[in-house]
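Source file: final_24.cif. Holds: mmCIF, C-alpha atoms.
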```cif
data_work
#
loop_
_atom_site.group_PDB
_atom_site.id
_atom_site.type_symbol
_atom_site.label_atom_id
_atom_site.label_comp_id
_atom_site.auth_asym_id
_atom_site.auth_seq_id
_atom_site.Cartn_x
_atom_site.Cartn_y
_atom_site.Cartn_z
ATOM 1 C CA MET A 175 -20.059 -46.098 -147.273
ATOM 2 C CA GLN A 176 -21.361 -49.522 -148.201
ATOM 3 C CA HIS A 177 -19.756 -49.067 -151.594
ATOM 4 C CA GLY A 178 -16.249 -48.217 -150.472
ATOM 5 C CA GLY A 179 -16.584 -44.567 -149.490
ATOM 6 C CA THR A 180 -15.060 -43.253 -146.293
ATOM 7 C CA GLU A 181 -16.541 -41.219 -143.468
ATOM 8 C CA GLU A 182 -14.288 -38.320 -144.487
ATOM 9 C CA GLN A 183 -15.605 -38.414 -148.065
ATOM 10 C CA LEU A 184 -19.184 -38.353 -146.806
ATOM 11 C CA GLU A 185 -18.412 -35.437 -144.480
ATOM 12 C CA ASN A 186 -16.795 -33.562 -147.372
ATOM 13 C CA LEU A 187 -19.930 -34.034 -149.488
ATOM 14 C CA PHE A 188 -22.096 -32.567 -146.714
ATOM 15 C CA LEU A 189 -19.677 -29.711 -146.027
ATOM 16 C CA THR A 190 -19.521 -28.617 -149.657
ATOM 17 C CA SER A 191 -23.217 -29.080 -150.405
ATOM 18 C CA PRO A 192 -25.221 -26.000 -151.350
ATOM 19 C CA GLU A 193 -27.459 -26.669 -148.348
ATOM 20 C CA TYR A 194 -24.545 -26.451 -145.870
ATOM 21 C CA VAL A 195 -22.834 -23.522 -147.571
ATOM 22 C CA GLY A 196 -26.174 -21.699 -147.831
ATOM 23 C CA HIS A 197 -27.055 -21.958 -144.148
ATOM 24 C CA ILE A 198 -23.798 -21.058 -142.399
ATOM 25 C CA ASN A 199 -23.776 -17.578 -140.926
ATOM 26 C CA THR A 200 -20.007 -17.170 -140.862
ATOM 27 C CA ASP A 201 -16.982 -17.575 -143.111
ATOM 28 C CA PHE A 202 -16.766 -21.080 -144.649
ATOM 29 C CA VAL A 203 -13.376 -21.757 -143.062
ATOM 30 C CA GLN A 204 -14.536 -20.535 -139.647
ATOM 31 C CA SER A 205 -17.558 -22.818 -139.951
ATOM 32 C CA LEU A 206 -15.199 -25.780 -140.421
ATOM 33 C CA TYR A 207 -13.215 -24.836 -137.325
ATOM 34 C CA ILE A 208 -16.437 -24.603 -135.329
ATOM 35 C CA ASN A 209 -18.253 -27.652 -136.733
ATOM 36 C CA ILE A 210 -15.368 -30.060 -137.359
ATOM 37 C CA LEU A 211 -12.754 -29.138 -134.758
ATOM 38 C CA GLY A 212 -15.090 -27.691 -132.127
ATOM 39 C CA ARG A 213 -13.283 -24.383 -131.735
ATOM 40 C CA THR A 214 -12.941 -21.062 -133.473
ATOM 41 C CA GLY A 215 -10.013 -20.494 -135.771
ATOM 42 C CA ALA A 216 -7.404 -17.871 -134.967
ATOM 43 C CA ALA A 217 -7.035 -14.989 -137.413
ATOM 44 C CA SER A 218 -3.771 -16.423 -138.771
ATOM 45 C CA GLU A 219 -5.360 -19.862 -139.267
ATOM 46 C CA LEU A 220 -8.351 -18.373 -141.072
ATOM 47 C CA ALA A 221 -6.122 -16.273 -143.323
ATOM 48 C CA GLY A 222 -3.997 -19.284 -144.221
ATOM 49 C CA TRP A 223 -6.973 -21.403 -145.272
ATOM 50 C CA ASN A 224 -8.847 -18.550 -146.951
ATOM 51 C CA ASN A 225 -5.769 -17.856 -149.096
ATOM 52 C CA LYS A 226 -5.931 -21.473 -150.340
ATOM 53 C CA ILE A 227 -9.594 -21.504 -151.380
ATOM 54 C CA GLN A 228 -8.767 -20.486 -154.974
ATOM 55 C CA SER A 229 -6.247 -23.284 -155.438
ATOM 56 C CA LEU A 230 -7.893 -26.063 -153.382
ATOM 57 C CA GLY A 231 -11.579 -25.257 -153.750
ATOM 58 C CA LEU A 232 -14.128 -25.833 -151.008
ATOM 59 C CA ALA A 233 -13.713 -29.613 -151.237
ATOM 60 C CA GLY A 234 -9.959 -29.361 -150.742
ATOM 61 C CA ILE A 235 -10.391 -27.063 -147.754
ATOM 62 C CA ALA A 236 -13.035 -29.352 -146.222
ATOM 63 C CA SER A 237 -10.737 -32.334 -146.742
ATOM 64 C CA GLY A 238 -7.996 -30.546 -144.829
ATOM 65 C CA PHE A 239 -10.320 -30.331 -141.836
ATOM 66 C CA THR A 240 -11.934 -33.768 -141.980
ATOM 67 C CA GLY A 241 -8.466 -35.334 -142.262
ATOM 68 C CA SER A 242 -6.956 -33.152 -139.536
ATOM 69 C CA PRO A 243 -5.055 -34.824 -136.683
ATOM 70 C CA GLU A 244 -7.026 -32.504 -134.375
ATOM 71 C CA LYS A 245 -10.353 -34.067 -135.394
ATOM 72 C CA PRO A 246 -10.070 -37.450 -133.613
ATOM 73 C CA ALA A 247 -9.602 -35.758 -130.238
ATOM 74 C CA GLU A 248 -12.658 -33.555 -130.782
ATOM 75 C CA HIS A 249 -14.781 -36.505 -131.894
ATOM 76 C CA LEU A 250 -13.577 -38.607 -128.971
ATOM 77 C CA ALA A 251 -14.452 -35.780 -126.558
ATOM 78 C CA ILE A 252 -18.006 -35.742 -127.913
ATOM 79 C CA VAL A 253 -18.288 -39.517 -127.515
ATOM 80 C CA LEU A 254 -17.015 -39.358 -123.931
ATOM 81 C CA GLN A 255 -19.362 -36.475 -123.098
ATOM 82 C CA THR A 256 -22.291 -38.371 -124.541
ATOM 83 C CA PHE A 257 -21.678 -41.638 -122.741
ATOM 84 C CA LEU A 258 -19.850 -40.584 -119.564
ATOM 85 C CA HIS A 259 -21.677 -37.267 -119.140
ATOM 86 C CA ARG A 260 -18.528 -35.296 -118.424
ATOM 87 C CA THR A 261 -15.878 -33.317 -120.246
ATOM 88 C CA PRO A 262 -12.675 -35.351 -120.489
ATOM 89 C CA ALA A 263 -9.378 -33.761 -119.499
ATOM 90 C CA ASP A 264 -6.982 -32.853 -122.302
ATOM 91 C CA ALA A 265 -4.517 -35.420 -120.906
ATOM 92 C CA ASP A 266 -7.164 -38.148 -121.254
ATOM 93 C CA LEU A 267 -7.784 -37.246 -124.885
ATOM 94 C CA THR A 268 -4.114 -36.956 -125.759
ATOM 95 C CA GLY A 269 -3.344 -40.331 -124.201
ATOM 96 C CA LEU A 270 -6.208 -42.035 -125.993
ATOM 97 C CA VAL A 271 -5.587 -40.435 -129.390
ATOM 98 C CA ASN A 272 -1.848 -41.182 -129.200
ATOM 99 C CA SER A 273 -2.363 -44.765 -128.004
ATOM 100 C CA GLY A 274 -2.308 -46.114 -131.547
ATOM 101 C CA GLN A 275 -5.692 -47.790 -131.066
ATOM 102 C CA ASP A 276 -8.565 -47.275 -133.483
ATOM 103 C CA LEU A 277 -10.705 -45.784 -130.737
ATOM 104 C CA LEU A 278 -13.714 -44.914 -132.820
ATOM 105 C CA SER A 279 -13.931 -48.131 -134.766
ATOM 106 C CA PRO A 280 -17.208 -50.044 -134.615
ATOM 107 C CA ARG A 281 -15.223 -53.303 -134.443
ATOM 108 C CA GLY A 282 -14.927 -53.091 -130.675
ATOM 109 C CA ASP A 283 -11.237 -53.987 -130.564
ATOM 110 C CA CYS A 284 -10.097 -50.783 -128.904
ATOM 111 C CA ALA A 285 -8.510 -50.545 -125.490
ATOM 112 C CA VAL A 286 -9.751 -47.745 -123.275
ATOM 113 C CA GLU A 287 -7.506 -46.607 -120.476
ATOM 114 C CA SER A 288 -9.108 -47.301 -117.123
ATOM 115 C CA GLY A 289 -8.347 -43.815 -115.809
ATOM 116 C CA VAL A 290 -10.690 -42.203 -118.327
ATOM 117 C CA LEU A 291 -13.605 -44.405 -117.362
ATOM 118 C CA ALA A 292 -12.860 -44.274 -113.636
ATOM 119 C CA ASN A 293 -13.114 -40.480 -113.614
ATOM 120 C CA GLY A 294 -16.805 -40.563 -114.585
#
```
Please rewrite the model in this file as structure tokens.
Amino acid sequence: MQHGGTEEQLENLFLTSPEYVGHINTDFVQSLYINILGRTGAASELAGWNNKIQSLGLAGIASGFTGSPEKPAEHLAIVLQTFLHRTPADADLTGLVNSGQDLLSPRGDCAVESGVLANG
């Protein structure tokens, strides 16, 4: 990342590495739902992605997950659980993700709604 790569590119390299693919004990697409989005994929979601593996390859499928609009909310939930020791409400996550702020930036210029912190 020091040389211009992004977090998503790094995640994609890990997710398509032989080490990752070799150790998962489920379908590759289901593993992405579980490990990237923090939930299991519905049968229709799995079928849709599995039908695209031939055309997109594993890297293209992984990119679809690491770039998903659902991912920031999941990552933010983990951060809030880690530091506030509680599971945030869906409304908290939606409000924060949709605020337009770069909430996960290391720059420290994000605004956190007081209601989220006050609930801890």
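Of the residues under consideration (A:Thr200, A:Ser237, A:Thr261, A:Gln183), A:Thr200 shows the shortest atom-to-atom contact distance to A:Gly215 when counting all atoms listed in the file.
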Using all atoms listed in the file, which protein or nucleic acid residues come within 12 Å of A:Ala233? Drop anything in the same chain fewer than 2 positions from it, and give the result as a VMD selection string.
chain A and resid 182 to 191 195 202 to 203 206 226 to 231 235 to 241
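If you look at atom CA of A:Pro262 and atom CA of A:Glu244, they are 15.3 Å away from each other.
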Atom pair atom CA of A:Asn225 + atom CA of A:Ile198, distance 19.5 Å
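A straight line drawn from atom CA of A:Gly196 to atom CA of A:Gln255 is 29.6 Å long.
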Q) So what does the PyMOL selection byres ((chain A and resi 210) around 9) actually pick up in this one, as number ranges by chain? A) A: 205-209, 211-213, 239-240, 245, 248-249
